[in-house]
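Asker: I'd like to ask you about the structure that follows.
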2 protein chains.
Amino acid sequence: MMEEILENRRIDKIAKTFISSPHKVGKIHEADAEIVDWDKQSPNYLALTTDALIEEVSSGLYNDPYFIGWMLAMVNFSDLAAVGAEPLGMLLSIAYSPKENDEFLGKLANGISDACQRLGTFVLGGDTNLGEKLFLCGCAVGIVPKTSFITRKGAKPGDRLYITQRAGLGNVYAFLKLTGQEKNLPESFYQPIARLKEGKIISKFANCCMDTSDGVIHTVDTLMRQNHCQFVIHDDWERILHPIALEVCKTQNLLPWLVLTGVHGEFELCFTLSPQKEGAFVKEAAKIGWQPILIGEICDGKGVSIRTADEMVALDTAGIRNLSDQAGSDPLSYIKALMEWTSNSGVK
Amino acid sequence: MMEEILENRRIDKIAKTFISSPHKVGKIHEADAEIVDWDKQSPNYLALTTDALIEEVSSGLYNDPYFIGWMLAMVNFSDLAAVGAEPLGMLLSIAYSPKENDEFLGKLANGISDACQRLGTFVLGGDTNLGEKLFLCGCAVGIVPKTSFITRKGAKPGDRLYITQRAGLGNVYAFLKLTGQEKNLPESFYQPIARLKEGKIISKFANCCMDTSDGVIHTVDTLMRQNHCQFVIHDDWERILHPIALEVCKTQNLLPWLVLTGVHGEFELCFTLSPQKEGAFVKEAAKIGWQPILIGEICDGKGVSIRTADEMVALDTAGIRNLSDQAGSDPLSYIKALMEWTSNSGVK
């Protein structure tokens, strides 16, 4: 079922060649970070992940060096958060043109440094190269108790579907930036923070978890494919979407849930929970001042649907996920395709 | 003393912003891989490293996809070898253009897979992106006993200077490839193998170690700067240089030791040993069929020198290291500068 998605075919094409490690816990696509059982005696697994910023930089979506640095750290630590890991730190691989000035590099480094400090973690080392273009890759390393790590697998019919915070900021940011409405951007409204603290609580209570780095619909679609159940999102957008996202949709005359559909996410965590654990979970979350947002439920069947007051609307989520591959690197035609898809879905 | 080198200044410019991790053993520039004390109870440190292939690919030095894949794995595992670590595996970050065909990707993946199998290790996971250009980054993870890890620091006057195998193949490969003499390349004569087995033995006996990924002179220069002693290389080129390197120098009318001077190394390990440990070390090496090559000695003083039959010739190794930065990305002017530097050094 995973191979319906073009991105997964791309990954599988490369990965099929590799012999699987006996240390590795779980299979490809099953978790946001690789879980490695490096020592049978240890109470912990290693959690490892790597993420590069490529299209975000080349498309101009990220162009402020401080923000690029911040995101490089956050995208990597967010994958550790999604498995419930405690970070040890990250490695950096940075290539830049000799033309790049010191001010640019200084701001980039400040962004990385501030992001690590915000999360109480560190840059452990790395590699620099001179190249024709700016290239940034990170690799985050953490540890996670063998008794409480979490993956994308484990959702059951009857589970509740939650997200760490109200959604939609990532796609709103991308929409405004790529349509040249930068001046309308409230400063720093989109500056994600990897949900490490929340991830640790989630790993103790939830059945599965994944970050929304590729947007909410994409995340829910992946969880659905891993778990072979039906994921139903409620249409209570006022409660589910971030106030800024709602406001932008209103002023731009867009359907509000468009902000869940694009591939530029907000790095929240999406997870499912058995109803029996909901009470204890919410209590534990409140201890760190966190109010998780209920966004739906898991049912028998398959696919991703939206439940409106009148009906249950099935979404062609493979279709929407493949739009980004099909649009190539033209963001405006991608945005147009998303709008069409959303309008044709039958959900308002 | 490290800041005489332009590359180090580049690294320091970025790294000075970061708060050092309390888990990290040693300082920046002190080892080929980051050593992380992630658990006080564990008998092992984690060893982590990241390396990208940028200029090697953009300059055309590496263009065969199988070879690119092979090198991506080997450059990363070589850094683990240099600290004496046992690899757990590696993560990949690969960006490629949608135009890249399946055959290219298949060969790239085969190269990575074969390299990992050759070393008895694995690809643990990774990240793929679509981008305008091919971009490849690896991150290798290993463990190393707290009692026997090795770094670039620890050389003492009186030590002997060794290399795992005869040197010069990396620069010979680059010379032939970049001067358009590809047809003269003996097939696969340059296909480095990370010296993991050797690294484990080295870590039990040697005082310091570093891989020759940037060529022998650059490696010895870095060890000299870390250890504040004089590194003396013998001029017995017939014993020190690989037979193919000697042959190419002869037919091209080049000074033989030119093949130690460029920045494209052969991924051997360079290390120093107290004379008292030499006997036991050579015996242990012989058990795995390995004959390490003695290439020089460590003395009081500072700098890198070559000892000929008549005299000790001091080399301006900061000068030579900075040539590659100054030549920018024009390989031919870099090769010309290396030839001039070598001829002017007074060593034949």
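Just so we're on the same page: first chain in the structure tokens is A, next is B, and so on; residues restart at 1 for each chain, and ligands are numbered from 1 in the order they show up.
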So which residues touch Glu4 of chain B within 9 Å, counting only C-alpha atoms, skipping near sequence neighbours fewer than 5 positions away, as a ChimeraX atom specification?
Answerer: /B:9,318-319,322
Asker: Would you output that residue set with N, CA and C atoms, as a PDB file, in the first residue's frame?
Answerer:
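The result, stored in selection_36.pdb:
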ATOM      1  N   ARG B   9      39.909  27.830   9.603  1.00  0.00           N
ATOM      2  CA  ARG B   9      39.264  29.110   9.902  1.00  0.00           C
ATOM      3  C   ARG B   9      37.800  29.057   9.511  1.00  0.00           C
ATOM      4  N   ALA B 318      51.671  24.770   5.828  1.00  0.00           N
ATOM      5  CA  ALA B 318      50.497  25.662   5.837  1.00  0.00           C
ATOM      6  C   ALA B 318      50.314  26.201   4.428  1.00  0.00           C
ATOM      7  N   GLY B 319      51.418  26.582   3.809  1.00  0.00           N
ATOM      8  CA  GLY B 319      51.371  27.080   2.424  1.00  0.00           C
ATOM      9  C   GLY B 319      50.716  26.083   1.490  1.00  0.00           C
ATOM     10  N   ASN B 322      46.938  25.598   2.034  1.00  0.00           N
ATOM     11  CA  ASN B 322      46.084  26.700   1.596  1.00  0.00           C
ATOM     12  C   ASN B 322      46.008  26.834   0.074  1.00  0.00           C
TER      13      ASN B 322
END
Asker: At a cut-off of 12 Å, using only C-alpha atoms, what residues contact Lys277 of chain A? Leave out same-chain residues fewer than 2 positions from it and give the result as a list in words.
Answerer: Gly158, Asp159, Arg160, Ile201, Ile202, Lys204, Phe205, Ala206, Asn207, Thr272, Leu273, Ser274, Pro275, Gly279, Ala280, Phe281, Val282, Lys283 and Glu284 of chain A
Asker: With all heavy atoms retained, export the selected residues as a short mmCIF file (atom, residue, chain, number, x, y, z; two decimals), in the first residue's frame.
Answerer:
data_model
loop_
_atom_site.label_atom_id
_atom_site.label_comp_id
_atom_site.auth_asym_id
_atom_site.auth_seq_id
_atom_site.Cartn_x
_atom_site.Cartn_y
_atom_site.Cartn_z
N GLY A 158 -11.05 2.73 17.06
CA GLY A 158 -11.47 3.17 18.39
C GLY A 158 -10.52 4.21 18.97
O GLY A 158 -10.90 4.98 19.85
N ASP A 159 -9.29 4.26 18.48
CA ASP A 159 -8.33 5.27 18.97
C ASP A 159 -8.82 6.68 18.64
O ASP A 159 -9.55 6.89 17.68
CB ASP A 159 -6.96 5.10 18.27
CG ASP A 159 -6.10 4.01 18.90
OD1 ASP A 159 -6.60 3.30 19.79
OD2 ASP A 159 -4.93 3.89 18.47
N ARG A 160 -8.35 7.61 19.44
CA ARG A 160 -8.57 9.04 19.16
C ARG A 160 -7.34 9.58 18.45
O ARG A 160 -6.21 9.19 18.78
CB ARG A 160 -8.76 9.82 20.46
CG ARG A 160 -9.79 9.24 21.40
CD ARG A 160 -11.19 9.30 20.79
NE ARG A 160 -12.18 9.04 21.83
CZ ARG A 160 -12.87 10.02 22.42
NH1 ARG A 160 -12.71 11.28 22.07
NH2 ARG A 160 -13.74 9.73 23.37
N ILE A 201 6.10 12.29 26.51
CA ILE A 201 4.81 11.94 27.14
C ILE A 201 3.99 11.06 26.18
O ILE A 201 3.43 10.04 26.58
CB ILE A 201 4.02 13.23 27.51
CG1 ILE A 201 4.80 14.01 28.57
CG2 ILE A 201 2.62 12.88 28.01
CD1 ILE A 201 4.20 15.36 28.93
N ILE A 202 3.96 11.47 24.91
CA ILE A 202 3.22 10.70 23.91
C ILE A 202 3.70 9.25 23.89
O ILE A 202 2.89 8.31 23.84
CB ILE A 202 3.38 11.35 22.51
CG1 ILE A 202 2.63 12.69 22.46
CG2 ILE A 202 2.91 10.41 21.40
CD1 ILE A 202 2.99 13.56 21.26
N LYS A 204 4.72 7.42 26.12
CA LYS A 204 4.26 6.63 27.26
C LYS A 204 2.80 6.21 27.13
O LYS A 204 2.37 5.25 27.74
CB LYS A 204 4.46 7.41 28.56
CG LYS A 204 5.91 7.44 29.02
CD LYS A 204 6.04 7.95 30.44
CE LYS A 204 6.40 9.43 30.41
NZ LYS A 204 6.39 10.05 31.74
N PHE A 205 2.00 6.97 26.36
CA PHE A 205 0.57 6.72 26.31
C PHE A 205 0.02 6.32 24.95
O PHE A 205 -0.95 5.58 24.88
CB PHE A 205 -0.19 7.99 26.78
CG PHE A 205 0.02 8.33 28.21
CD1 PHE A 205 1.02 9.22 28.60
CD2 PHE A 205 -0.76 7.75 29.21
CE1 PHE A 205 1.22 9.54 29.93
CE2 PHE A 205 -0.58 8.07 30.54
CZ PHE A 205 0.44 8.96 30.91
N ALA A 206 0.63 6.84 23.89
CA ALA A 206 -0.01 6.73 22.56
C ALA A 206 0.29 5.40 21.89
O ALA A 206 1.20 4.66 22.29
CB ALA A 206 0.42 7.89 21.69
N ASN A 207 -0.45 5.10 20.83
CA ASN A 207 -0.24 3.86 20.06
C ASN A 207 0.66 4.06 18.85
O ASN A 207 1.31 3.12 18.41
CB ASN A 207 -1.59 3.29 19.61
CG ASN A 207 -2.36 2.74 20.79
OD1 ASN A 207 -1.78 2.33 21.80
ND2 ASN A 207 -3.68 2.75 20.69
N THR A 272 -2.11 8.70 17.89
CA THR A 272 -3.41 8.11 18.27
C THR A 272 -3.31 7.47 19.65
O THR A 272 -2.24 7.00 20.05
CB THR A 272 -3.90 7.04 17.26
OG1 THR A 272 -3.26 5.79 17.54
CG2 THR A 272 -3.63 7.44 15.82
N LEU A 273 -4.44 7.43 20.33
CA LEU A 273 -4.49 7.09 21.74
C LEU A 273 -5.74 6.23 22.00
O LEU A 273 -6.81 6.55 21.51
CB LEU A 273 -4.67 8.42 22.47
CG LEU A 273 -4.24 8.65 23.87
CD1 LEU A 273 -2.73 8.59 23.98
CD2 LEU A 273 -4.72 10.04 24.30
N SER A 274 -5.58 5.17 22.77
CA SER A 274 -6.77 4.42 23.18
C SER A 274 -7.59 5.30 24.13
O SER A 274 -7.00 5.98 24.98
CB SER A 274 -6.39 3.15 23.94
OG SER A 274 -5.47 2.40 23.19
N PRO A 275 -8.92 5.28 24.00
CA PRO A 275 -9.75 6.15 24.86
C PRO A 275 -9.50 5.91 26.35
O PRO A 275 -9.57 6.84 27.16
CB PRO A 275 -11.19 5.76 24.48
CG PRO A 275 -11.10 5.06 23.17
CD PRO A 275 -9.73 4.47 23.06
N GLY A 279 -7.56 10.00 29.74
CA GLY A 279 -7.61 10.78 30.98
C GLY A 279 -6.24 10.98 31.58
O GLY A 279 -5.81 12.11 31.85
N ALA A 280 -5.51 9.88 31.74
CA ALA A 280 -4.17 9.95 32.35
C ALA A 280 -3.23 10.76 31.47
O ALA A 280 -2.39 11.54 31.96
CB ALA A 280 -3.62 8.53 32.54
N PHE A 281 -3.40 10.60 30.15
CA PHE A 281 -2.54 11.32 29.21
C PHE A 281 -2.75 12.83 29.32
O PHE A 281 -1.79 13.61 29.43
CB PHE A 281 -2.83 10.83 27.78
CG PHE A 281 -2.34 11.75 26.72
CD1 PHE A 281 -0.97 11.86 26.47
CD2 PHE A 281 -3.22 12.52 25.97
CE1 PHE A 281 -0.51 12.73 25.48
CE2 PHE A 281 -2.76 13.38 25.00
CZ PHE A 281 -1.40 13.49 24.76
N VAL A 282 -4.01 13.25 29.31
CA VAL A 282 -4.31 14.69 29.37
C VAL A 282 -3.80 15.29 30.68
O VAL A 282 -3.28 16.40 30.72
CB VAL A 282 -5.83 14.94 29.17
CG1 VAL A 282 -6.20 16.37 29.49
CG2 VAL A 282 -6.24 14.58 27.75
N LYS A 283 -3.89 14.52 31.75
CA LYS A 283 -3.41 14.98 33.06
C LYS A 283 -1.88 15.19 33.03
O LYS A 283 -1.36 16.20 33.48
CB LYS A 283 -3.77 13.92 34.12
CG LYS A 283 -4.01 14.51 35.49
CD LYS A 283 -4.40 13.45 36.50
CE LYS A 283 -5.91 13.21 36.52
NZ LYS A 283 -6.29 12.15 37.49
N GLU A 284 -1.18 14.21 32.45
CA GLU A 284 0.28 14.29 32.35
C GLU A 284 0.70 15.47 31.46
O GLU A 284 1.65 16.19 31.76
CB GLU A 284 0.81 12.97 31.75
CG GLU A 284 2.30 12.86 31.69
CD GLU A 284 2.91 12.16 32.91
OE1 GLU A 284 2.16 11.76 33.81
OE2 GLU A 284 4.15 12.04 32.92
#
Asker: Report as a VMD selection string the set of chain B residues whose atoms approach chain A to within 6 Å, with distances computed over only C-alpha atoms.
Answerer: chain B and resid 14 18 21 50 to 51 109 113 122 126 to 127
Asker: Can you tell me which residues surround segment 290-301 of chain B at a distance of at most 9 Å, considering only C-alpha atoms, apart from same-chain residues fewer than 5 positions away, and format the answer as number ranges by chain?
Answerer: B: 155-166, 198, 224, 228-236, 239-240, 272, 282, 284-285, 306-307
Asker: Please report the interatomic distance between atom CA of Thr179 of chain B and atom CA of Asn63 of chain B in Å with one decimal.
Answerer: 14.7 Å
Asker: Find the residues near Pro43 of chain B: any atom within 9 Å, counting only C-alpha atoms, skip ones fewer than 5 places away on the same chain, and give them as a PyMOL selection string.
Answerer: chain B and resi 144-147
Asker: Mind listing the strand (DSSP E or B) residues of segment 79-280 of chain A, per DSSP on the backbone, as a PyMOL selection string?
Answerer: chain A and resi 86-96+123-130+135-145+160-163+167+208-211+230-234+241+269-273
Asker: Which residues come within 7 Å of Leu241 of chain B, counting only C-alpha atoms, excluding same-chain residues fewer than 4 positions away, as a list of chain:residue names?
Answerer: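 So, after excluding close chain neighbours, the residues are B:Arg166, B:Ala167, B:Gly168, B:Trp237, B:Ala245, B:Leu246.
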Asker: Output C-alpha atoms for every residue in that selection, as a PDB file, in the first residue's frame.
Answerer:
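Dumped everything to result_31.pdb:
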ATOM      1  CA  ARG B 166      51.648   2.435   0.812  1.00  0.00           C
ATOM      2  CA  ALA B 167      50.399   5.894  -0.107  1.00  0.00           C
ATOM      3  CA  GLY B 168      49.712   8.070  -3.102  1.00  0.00           C
ATOM      4  CA  TRP B 237      59.758   6.731  -1.699  1.00  0.00           C
ATOM      5  CA  ALA B 245      51.915   5.871  -7.853  1.00  0.00           C
ATOM      6  CA  LEU B 246      55.657   5.398  -8.442  1.00  0.00           C
TER       7      LEU B 246
END
Asker: Using DSSP on the backbone coordinates, identify all residues within segment 105-300 of chain A classified as helix (DSSP H, G or I); present the result as a VMD selection string.
Answerer: chain A and resid 105 to 119 169 to 178 182 to 184 196 to 205 216 to 227 237 to 240 243 to 251 256 to 260 275 to 287
